[in-house]
Amino acid sequence: MAVTVVLVADDDADIRDLVAFKLEQSGLEVIAVEDGQAALEQARARRPTLAVLDVSMPGLSGIDVCRMLRAEPATAGMLIIMLTARVQEQDVEGGFSAGADDYVTKPFSPRELVSRIQALLSRARA
Amino acid sequence: MRRDPSVGRLLTRSFAVLVALIVCSGLTEMTTVLVQHRVVRELSTHVQPLELANARLRAVLGDAQRGLRGYLLTGDTQVLDTYLSARGEYTQASLNLLELATAAEEPAVDAQLVRADIWWALAEQQRRAPPRSDTAARFVTEGKPLFQAFVSENEAFDRTLARRVTTLQRRSSWLGGVTVVVVIVLTLVAAATAGVAALLTARRITRPLGAVAWVLDERGAGRLDARADTGRGPTEIRAVAAAVNAMADERERIRVAEGDVARLRSEVRELGYRIRAHLRVQDAISEAIRGLAATMNADHVLVRMAPGQTDVPQYASLGDEHVAGRLAPLAACDVGWLSGGDVWTTDDASPAGDVQPPVAEIRACAEAGAEAVLTVAVSVGEECLGALTLLRDHGPAFTPVDVRLVEVVAADLGRGVHLARLYEREQHLVARLQELDTAKTDFMSTVSHELRTPLTSIAGYVELLLDAEAGELNAPQAKMLDVIGRNTRRLRDLIEEMLILSKIESGAFSTSREPVELVSLVEHAVEVIAPAAAKAEVTLHTDVRGPLPLHADPDQLDRVLMNLLANAVKFTPGGGEVRVAARREGAEIVLVVADTGMGIPAGEQKALFTRFFRASNAVRQAVPGTGLGLAIVNTVVDNHDGRIEVESAEGAGTTFTIRLPAA
């Protein structure tokens with residue numbers, strides 16, 4: 001079984017490293033990028049199975065990236081989890097209407113994030 | 001009669017006829033009396049003396065004949081004396097008769113006297129004849145026919161006179177009869193004329209007069225359009241009807257004029273309401289200008305504000321004529337000459353008080369070319385805000401009523417401008433406060449976001465370390481990391497609740513009210529808290545009696561329930577119990593959350609709902625908490641027009657009672 005590739009996009013390097021470290025510990029291959037544009041490019045180039053996108057990034061936001069990925073046939077089926085620092089409902093709704101499969105509110109527990117990712121992956125495989 | 005239907009004329013004519021009839025009747029009577037008088041006089045002075053004279057003549061002649069014959073037969077001279085005295089009397093009697101006789105009767109009298117004279121001639125011959133002789137006898141025989149001829153003439157004249165008497169008497173009696181008939185007829189005619197005249201007069205006066213009286217009654221009863229008919233009836237009644245109509249028209253005119261004034265008053269009052277209803281100064285002024293132009297028939301309206309009035313347009317006019325139109329010169333004039341309550345109008349010969357505009361103002365009015373100009377000060381109290389000027393191009397002059405009404409509008413405008421200005425200032429203040437509030441909310445949001453990111457890193461790495469992802473930890477290290485983790489969570493909760501409180505206080509949630517059933521909210525909250533309660537070995541009792549309909553924000557109510565239940569479980573030691581009860585009491589829905597926990601010291605209960613307050617006993621026992629939970633509960637209950645009460649005894653437990661208005 002091939003290694004599952006996960007794209008992690010967050011402008012905060014500490015969180016990016018934290019998520020990458022935890023996911024790699026969980027046996028996933030991680031591509032870490034620091035902005036929306038890079039996320040879009042890597043997603044097109046490497047076709048990861050799942051993307052963890054921070055909502056608020058400079059330039060393209062996580063929601064923009066999510067919407068663009070869903071609009072392209074090649075990446076439309078990608079699993080997407082949004083990371084949001086805001087609890088406002090409109091942000092969550094915005095994420096879902098852009099096509100996200102799930103979201104996690106900051107501050108989050110790395111364990112919780114991993115379990116959500118695995119839940120999504122197993123659901124996708126089933 | 002129809003051509004001149006005057007009752008006066010009718011009466012005049014009727015009386016003329018009556019007088020004529022009475023005069024005729026009198027004349028008739030008088031004529032009759034005169035005629036009868038003449039008849040009587042003729043009878044007494046002429047005919048009867050004539051009869052007497054005639055009879056005497058005959059008697060005299062008879063006496064003469066008897067005396068003569070006796071003498072001749074007897075020869076007695078004594079008897080002859082009779083003849084002789086008769087002869088003497090004859091002359092007297094014949095003269096008397098001739099004197100009395102008129103020309104018409106003279107032939108008859110003459111004929112008689114001729115016969116008498118013939119007899120007398122024979123009689124003289126006889127007298128000379130010897131008595132008792134043949135001659136005498138012959139003379140007697142001869143004299144007999146002569147005497148007889150005289151007697152027949154005499155008798156004929158007597159008969160003529162008797163006929164004359166009869167004729168006169170008959171004529172007198174006929175005339176009397178005719179007179180009676182004529183007088184009766186005239187009297188009847190006069191009576192009939194008087195009757196007809198009275199009837200006609202009565203009819204021609206009474207009916208039209210009745211009609212006029214009816215019209216007056218109708219008007220009295222409120223039918224103000226009732227008018228008398230001036231085309232019928234006699235001239236006098238027509239005049240009365242015309243007078244009644246003129247009076248009615250005048251009353252109507254006065255009534256209409258009063259109605260006009262009342263209508264103007266009400267229009268002005270409504271204009272005042274509209275002016276004061278405007279919240280923008282500009283709108284209030286425009287409303288006044290439009291309303292005055294229509295209500296007061298003004299061709300131009302100009303509002304000038306006194307210098308130094310802020311937040312008000314300096315000039316405003318109908319059709320913006322002050323910009324480059326006819327009102328430009330007037331707009332250039334300062335209104336400093338007016339003080340609060342002043343009025344000036346072009347037609348006011350003796351202006352009230354000493355209001356006199358400067359020459360420039362009067363010249364500008366003349367340049368505007370209007371016949372009538374009225375300027376009223378727009379004031380609030382004693383302060384003159386500006387001037388309201390109305391111009392009529394072709395008159396009429398402004399009446400005292402107009403001036404009063406415009407003064408009322410000016411006062412309303414003053415108040416309106418004042419209020420609108422206050423309102424606008426308040427609006428600015430509110431807008432600035434809202435901006436500040438938005439800035440605060442944004443700030444809170446940003447701060448919490450900015451805090452969350454580093455918190456995420458701290459919490460995440462602590463978790464990694466504790467999960468031994470970076471290698472095994474020794475006991476002190478693990479304990480220290482545990483402290484870091486606990487304080488990170490505390491910091492996270494603090495940020496979370498501060499954000500929520502900020503949002504709730506800014507009213508961002510209060511718009512999302514909807515019908516809510518408290519029963520299901522309570523059930524859900526109990527379900528969520530149940531694991532924590534079980535873990536802390538606290539028994540949960542629920543006593544909910546539905547239905548409990550509310551009009552509320554379900555998320556906020558859920559937060560209230562969760563905060564209260566979490567607190568109750570948190571502060572209640574193992575083996576204690578937490579009771580949740582909800583029921584309806586009249587128009588209120590009551591929610592009670594009671595625990596058997598540590599309680600709140602009596603002196604601290606007042607400060608319970610203030611932010612960051614934590615009970616001293618909780619702090620002492622190191623029970624975690626932010627001190628914001630009850631502040632949030634209190635704010636939410638406030639937002640829902642409810643009340644919250646607390647009863648607590650230290651060591652025995654705490655009971656929170658919330659009362660909310662039912663939907």
# chains A, B, ... in the order shown; residues from 1 in each chain; ligands from 1

call {"tool": "closest_atom_pairs", "arguments": {"of": "chain A", "to": "chain B", "cutoff": "10 Å", "atoms": "only C-alpha atoms", "output": "tab-separated table"}}
result
residue	atom	partner	partner_atom	distance
A:Asp12	CA	B:Thr453	CA	7.9
A:Ala13	CA	B:Ser457	CA	9.6
A:Asp14	CA	B:Ser457	CA	6.2
A:Ile15	CA	B:Ser457	CA	5.5
A:Arg16	CA	B:Ser457	CA	9.2
A:Asp17	CA	B:Ser457	CA	9.4
A:Leu18	CA	B:Tyr461	CA	6.8
A:Val19	CA	B:Gly460	CA	8.5
A:Phe21	CA	B:Leu464	CA	9.3
A:Lys22	CA	B:Leu464	CA	7.7
A:Gln25	CA	B:Glu469	CA	7.8
A:Ser56	CA	B:His449	CA	9.8
A:Thr84	CA	B:His449	CA	9.1
A:Ala85	CA	B:His449	CA	5.5
A:Arg86	CA	B:His449	CA	6.5
A:Val87	CA	B:Glu496	CA	8.9
A:Gln88	CA	B:Ser445	CA	9.5
A:Thr105	CA	B:Arg452	CA	9.4
A:Lys106	CA	B:Thr456	CA	6.1
A:Pro107	CA	B:Thr456	CA	4.2
A:Phe108	CA	B:Thr456	CA	6.1
A:Ser109	CA	B:Gly460	CA	5.7
A:Pro110	CA	B:Gly460	CA	5.7
A:Arg111	CA	B:Glu463	CA	8.1

call {"tool": "select_by_dssp", "arguments": {"residues": "region 283-417 of chain B", "states": "helix (DSSP H, G or I)", "output": "JSON, numbers by chain"}}
result
{"B": [283, 284, 285, 286, 287, 288, 289, 290, 291, 292, 293, 294, 295, 318, 319, 320, 321, 322, 323, 324, 328, 329, 330, 331, 359, 360, 361, 362, 363, 364, 365, 366, 367, 368, 400, 401, 402, 403, 404, 405, 406, 407, 408, 409, 410, 411, 412, 413, 414, 415, 416, 417]}

call {"tool": "atom_distance", "arguments": {"atom1": "CA of Ser133 (chain B)", "atom2": "CA of Ala86 (chain B)"}}
result
23.2 Å

call {"tool": "atom_distance", "arguments": {"atom1": "CA of Val7 (chain B)", "atom2": "CA of Ala191 (chain B)"}}
result
19.3 Å

call {"tool": "closest_residue", "arguments": {"among": "A:Val104, A:Leu120, A:Ala20, A:Met57", "to": "Glu34 (chain A)", "atoms": "only C-alpha atoms"}}
result
A:Met57
